Structure formats: C-alpha cells, structure tokens
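Let me begin by presenting the structure, written as structure tokens, before commenting on it.
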Amino acid sequence: MKLAIVAILSIIGSSAATAQQRRPSFCARLAPQIGLSPTSKPDLWQGRLISGLKAAFLGGSASIGFSVESVGNPSADDAAALRRACTVTKAEYRCVVDRPMILVVSSSKGDGRVEAQPGETALVTTKGMRIRCTDGVVS
C-alpha cells in the first residue's frame, strides 16, 4: 500500500514539474498581445511599434506606455522596487521584471498584460520604434 501511494505521489509530482516546464515564458506570453515575433535567439522577442502602411501614412509616429502593478500585498521594499522597475535612460525605456508583478504595455499595436511568476525574469526595452523582450535577464 505504501509503495502505491509513493508511486502516485511521484507521478503527480512529475506531472506538475512537466506542466511548469511547458508554461510559456514571460516574453512568449507578452508577444502575441503586442505584436512581437521570436528571433533567432531563443529568449529574445522583438517587434516594431508601427509597421507597413500605417508607418508610411503616419510617418512613423507611435507611442508606448508601461505600468507595473503589484501581485498581492507587497512589502514596503517590494513596493519601492516596483516603482523603480521601469526607467528611461538615453532615449531607451526599460522595464525590469525580477519579481512577481503585472506588467502592462500599451502601444498602437495593442495592449498587453502579463503576470510574472516567482523566479521569472525578463527585460522589456523600447528604443525608437523597436520593442524587445528578453527572457531570463534583468540588465
């Protein structure tokens, strides 16, 4: 009887691990919402804020906005880190995903809303008309 219970628990444990391994990455979940495409690098997704005829007619104007929301009740330190998650430096907008949070990206291509899970990291950047999302990095 004990052997059967151990075997069942082993199967349940391995099924949960397999399900976690199959879960799409942060960037893979964000990509279809805001029009990013995978690149030849496995953890990099990128796109343009506008493209095609829209770019030709509008002359390349676009806008993008980021906001960060907490998951649950953050500590004072977590709340401060969330306020510093997105920054602008040298004409580049950067959002560091390094803790459970919800990142909201609004652009002319659509709005994206993705919750980062514990242990998940990503860097979302925009420079000019290009937006990039890289899984597994924060700098």
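Every chain in the structure tokens has a letter given in the order shown (A, B, ...), and although residue numbers restart at 1 in each chain, ligands are simply numbered from 1 in the order shown.
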
Polymer residues at most 6 Å from A:Val124, only C-alpha atoms, same-chain spacing of 4 or more positions, as an MDAnalysis selection string
chainID A and resid 94:95 132:133

Taking 2 positions as the minimum chain separation for residues in the same chain, which residues sit within 12 Å of A:Arg84 when counting only C-alpha atoms? Answer as a ChimeraX atom specification.
/A:67-69,77-82,86-88,94-98

Writing out the chosen residues with N, CA, C and O atoms as a short mmCIF file (atom, residue, chain, number, x, y, z; two decimals), in the first residue's frame:
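Here's the written file selection.cif:
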data_model
loop_
_atom_site.label_atom_id
_atom_site.label_comp_id
_atom_site.auth_asym_id
_atom_site.auth_seq_id
_atom_site.Cartn_x
_atom_site.Cartn_y
_atom_site.Cartn_z
N SER A 67 3.19 50.25 -17.38
CA SER A 67 2.85 50.42 -15.96
C SER A 67 3.07 49.07 -15.27
O SER A 67 3.05 48.02 -15.90
N VAL A 68 3.31 49.15 -13.98
CA VAL A 68 3.59 47.96 -13.18
C VAL A 68 2.59 47.91 -12.04
O VAL A 68 2.32 48.93 -11.41
N GLU A 69 2.03 46.75 -11.81
CA GLU A 69 1.10 46.54 -10.71
C GLU A 69 1.64 45.44 -9.80
O GLU A 69 2.31 44.53 -10.26
N ASP A 77 9.54 47.34 0.80
CA ASP A 77 10.68 47.19 -0.10
C ASP A 77 10.25 46.76 -1.50
O ASP A 77 10.75 47.25 -2.51
N ASP A 78 9.30 45.81 -1.57
CA ASP A 78 8.79 45.37 -2.86
C ASP A 78 8.06 46.50 -3.58
O ASP A 78 8.21 46.67 -4.79
N ALA A 79 7.28 47.27 -2.85
CA ALA A 79 6.56 48.40 -3.46
C ALA A 79 7.55 49.42 -4.03
O ALA A 79 7.36 49.93 -5.13
N ALA A 80 8.63 49.68 -3.30
CA ALA A 80 9.65 50.61 -3.79
C ALA A 80 10.33 50.05 -5.04
O ALA A 80 10.59 50.77 -6.00
N ALA A 81 10.62 48.75 -5.04
CA ALA A 81 11.25 48.12 -6.21
C ALA A 81 10.32 48.17 -7.41
O ALA A 81 10.78 48.39 -8.54
N LEU A 82 9.03 48.00 -7.21
CA LEU A 82 8.08 48.08 -8.31
C LEU A 82 8.05 49.49 -8.90
O LEU A 82 7.93 49.65 -10.12
N CYS A 86 10.54 50.39 -13.99
CA CYS A 86 10.62 50.98 -15.33
C CYS A 86 11.33 52.32 -15.26
O CYS A 86 10.99 53.16 -14.42
N THR A 87 12.30 52.51 -16.15
CA THR A 87 13.09 53.74 -16.17
C THR A 87 13.33 54.18 -17.61
O THR A 87 13.21 53.39 -18.54
N VAL A 88 13.70 55.45 -17.75
CA VAL A 88 14.09 56.00 -19.06
C VAL A 88 15.53 56.46 -18.95
O VAL A 88 15.86 57.26 -18.06
N ARG A 94 13.13 51.15 -20.25
CA ARG A 94 13.44 49.80 -19.78
C ARG A 94 12.54 49.41 -18.62
O ARG A 94 12.38 50.18 -17.69
N CYS A 95 12.00 48.22 -18.68
CA CYS A 95 11.26 47.65 -17.56
C CYS A 95 11.92 46.33 -17.18
O CYS A 95 12.06 45.43 -18.01
N VAL A 96 12.34 46.26 -15.93
CA VAL A 96 12.99 45.07 -15.40
C VAL A 96 11.94 44.25 -14.65
O VAL A 96 11.32 44.74 -13.71
N VAL A 97 11.76 43.04 -15.08
CA VAL A 97 10.84 42.11 -14.42
C VAL A 97 11.70 41.14 -13.63
O VAL A 97 12.39 40.30 -14.21
N ASP A 98 11.70 41.31 -12.31
CA ASP A 98 12.57 40.47 -11.49
C ASP A 98 11.88 39.94 -10.23
O ASP A 98 12.54 39.47 -9.31
#

DSSP says strand (DSSP E) for which residues of stretch 27-121 of chain A? Put them as a count of residues only?
38

Neighbouring residues of stretch 113-117 of chain A were defined as those with any atom within 8 Å, considering only C-alpha atoms; residues of the same chain fewer than 2 positions away were excluded. Please report them as a PyMOL selection string.
chain A and resi 26+29-30+33+97+99-105+111+119-121

If you run DSSP on the backbone here, which positions in stretch 38-109 of chain A get helix (DSSP H, G or I)? Please write them as a VMD selection string.
chain A and resid 52 to 58 76 to 83

Selection above as a file: all heavy atoms, as an mmCIF file, in the first residue's frame:
data_model
loop_
_atom_site.group_PDB
_atom_site.id
_atom_site.type_symbol
_atom_site.label_atom_id
_atom_site.label_comp_id
_atom_site.auth_asym_id
_atom_site.auth_seq_id
_atom_site.Cartn_x
_atom_site.Cartn_y
_atom_site.Cartn_z
ATOM 1 N N GLY A 52 4.391 48.679 -41.814
ATOM 2 C CA GLY A 52 3.591 48.596 -43.022
ATOM 3 C C GLY A 52 3.015 49.924 -43.469
ATOM 4 O O GLY A 52 3.653 50.973 -43.355
ATOM 5 N N LEU A 53 1.792 49.895 -43.970
ATOM 6 C CA LEU A 53 1.140 51.105 -44.485
ATOM 7 C C LEU A 53 0.922 52.145 -43.398
ATOM 8 O O LEU A 53 0.986 53.340 -43.653
ATOM 9 C CB LEU A 53 -0.198 50.750 -45.141
ATOM 10 C CG LEU A 53 -0.102 49.970 -46.446
ATOM 11 C CD1 LEU A 53 -1.496 49.589 -46.923
ATOM 12 C CD2 LEU A 53 0.637 50.773 -47.493
ATOM 13 N N LYS A 54 0.670 51.687 -42.192
ATOM 14 C CA LYS A 54 0.463 52.630 -41.099
ATOM 15 C C LYS A 54 1.703 53.492 -40.895
ATOM 16 O O LYS A 54 1.612 54.693 -40.700
ATOM 17 C CB LYS A 54 0.114 51.880 -39.813
ATOM 18 C CG LYS A 54 -0.363 52.765 -38.703
ATOM 19 C CD LYS A 54 -0.877 51.912 -37.552
ATOM 20 C CE LYS A 54 -1.483 52.799 -36.494
ATOM 21 N NZ LYS A 54 -2.012 52.041 -35.374
ATOM 22 N N ALA A 55 2.875 52.881 -40.979
ATOM 23 C CA ALA A 55 4.123 53.635 -40.837
ATOM 24 C C ALA A 55 4.282 54.620 -41.982
ATOM 25 O O ALA A 55 4.702 55.762 -41.787
ATOM 26 C CB ALA A 55 5.313 52.685 -40.776
ATOM 27 N N ALA A 56 3.926 54.185 -43.188
ATOM 28 C CA ALA A 56 4.053 55.064 -44.356
ATOM 29 C C ALA A 56 3.108 56.254 -44.260
ATOM 30 O O ALA A 56 3.487 57.390 -44.545
ATOM 31 C CB ALA A 56 3.786 54.266 -45.630
ATOM 32 N N PHE A 57 1.869 56.019 -43.838
ATOM 33 C CA PHE A 57 0.883 57.099 -43.763
ATOM 34 C C PHE A 57 1.090 58.011 -42.564
ATOM 35 O O PHE A 57 0.878 59.204 -42.636
ATOM 36 C CB PHE A 57 -0.539 56.538 -43.731
ATOM 37 C CG PHE A 57 -0.970 55.946 -45.038
ATOM 38 C CD1 PHE A 57 -1.483 54.662 -45.094
ATOM 39 C CD2 PHE A 57 -0.843 56.651 -46.225
ATOM 40 C CE1 PHE A 57 -1.873 54.100 -46.289
ATOM 41 C CE2 PHE A 57 -1.225 56.101 -47.426
ATOM 42 C CZ PHE A 57 -1.740 54.826 -47.478
ATOM 43 N N LEU A 58 1.494 57.446 -41.452
ATOM 44 C CA LEU A 58 1.668 58.252 -40.244
ATOM 45 C C LEU A 58 3.069 58.822 -40.100
ATOM 46 O O LEU A 58 3.329 59.599 -39.194
ATOM 47 C CB LEU A 58 1.346 57.416 -38.993
ATOM 48 C CG LEU A 58 -0.091 56.933 -38.868
ATOM 49 C CD1 LEU A 58 -0.237 56.072 -37.635
ATOM 50 C CD2 LEU A 58 -1.056 58.096 -38.819
ATOM 51 N N ALA A 76 7.006 46.995 1.920
ATOM 52 C CA ALA A 76 7.454 48.346 1.565
ATOM 53 C C ALA A 76 8.624 48.285 0.593
ATOM 54 O O ALA A 76 8.700 49.066 -0.358
ATOM 55 C CB ALA A 76 7.828 49.116 2.821
ATOM 56 N N ASP A 77 9.541 47.343 0.798
ATOM 57 C CA ASP A 77 10.685 47.187 -0.099
ATOM 58 C C ASP A 77 10.245 46.758 -1.498
ATOM 59 O O ASP A 77 10.747 47.251 -2.506
ATOM 60 C CB ASP A 77 11.687 46.176 0.458
ATOM 61 C CG ASP A 77 12.422 46.704 1.682
ATOM 62 O OD1 ASP A 77 12.463 47.937 1.873
ATOM 63 O OD2 ASP A 77 12.947 45.870 2.445
ATOM 64 N N ASP A 78 9.295 45.806 -1.567
ATOM 65 C CA ASP A 78 8.789 45.369 -2.863
ATOM 66 C C ASP A 78 8.063 46.499 -3.585
ATOM 67 O O ASP A 78 8.215 46.673 -4.795
ATOM 68 C CB ASP A 78 7.848 44.171 -2.715
ATOM 69 C CG ASP A 78 8.593 42.862 -2.520
ATOM 70 O OD1 ASP A 78 9.785 42.794 -2.880
ATOM 71 O OD2 ASP A 78 7.977 41.908 -2.016
ATOM 72 N N ALA A 79 7.281 47.273 -2.854
ATOM 73 C CA ALA A 79 6.561 48.397 -3.461
ATOM 74 C C ALA A 79 7.549 49.417 -4.026
ATOM 75 O O ALA A 79 7.361 49.932 -5.133
ATOM 76 C CB ALA A 79 5.635 49.047 -2.443
ATOM 77 N N ALA A 80 8.626 49.682 -3.305
ATOM 78 C CA ALA A 80 9.651 50.613 -3.791
ATOM 79 C C ALA A 80 10.335 50.048 -5.038
ATOM 80 O O ALA A 80 10.586 50.773 -5.995
ATOM 81 C CB ALA A 80 10.669 50.888 -2.697
ATOM 82 N N ALA A 81 10.624 48.748 -5.045
ATOM 83 C CA ALA A 81 11.245 48.118 -6.210
ATOM 84 C C ALA A 81 10.321 48.173 -7.415
ATOM 85 O O ALA A 81 10.778 48.385 -8.544
ATOM 86 C CB ALA A 81 11.620 46.675 -5.885
ATOM 87 N N LEU A 82 9.033 47.998 -7.208
ATOM 88 C CA LEU A 82 8.082 48.078 -8.313
ATOM 89 C C LEU A 82 8.048 49.488 -8.902
ATOM 90 O O LEU A 82 7.929 49.655 -10.123
ATOM 91 C CB LEU A 82 6.686 47.657 -7.858
ATOM 92 C CG LEU A 82 6.519 46.172 -7.548
ATOM 93 C CD1 LEU A 82 5.132 45.896 -6.964
ATOM 94 C CD2 LEU A 82 6.756 45.321 -8.782
ATOM 95 N N ARG A 83 8.158 50.507 -8.058
ATOM 96 C CA ARG A 83 8.175 51.886 -8.565
ATOM 97 C C ARG A 83 9.419 52.156 -9.408
ATOM 98 O O ARG A 83 9.393 52.987 -10.300
ATOM 99 C CB ARG A 83 8.096 52.885 -7.405
ATOM 100 C CG ARG A 83 6.709 52.991 -6.793
ATOM 101 C CD ARG A 83 6.596 54.181 -5.851
ATOM 102 N NE ARG A 83 7.458 54.070 -4.685
ATOM 103 C CZ ARG A 83 7.158 53.399 -3.572
ATOM 104 N NH1 ARG A 83 5.999 52.778 -3.466
ATOM 105 N NH2 ARG A 83 8.000 53.357 -2.561
#

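The coordinates place atom CA of A:Ser37 at 11.6 Å from atom CA of A:Thr134.
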
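Of the listed residues A:Gly128, A:Ala122, A:Val138, A:Ser108, the one whose atoms come nearest to A:Asp43 is A:Ala122, with distances taken using only C-alpha atoms.
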
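Atom pair atom CA of A:Glu92 / atom CA of A:Arg130 has a distance of 10.0 Å (rounded to one decimal).
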
For atom CA of A:Ile131 and atom CA of A:Ile64, determine how far apart the two atoms are, in Å to one decimal place.
9.4 Å
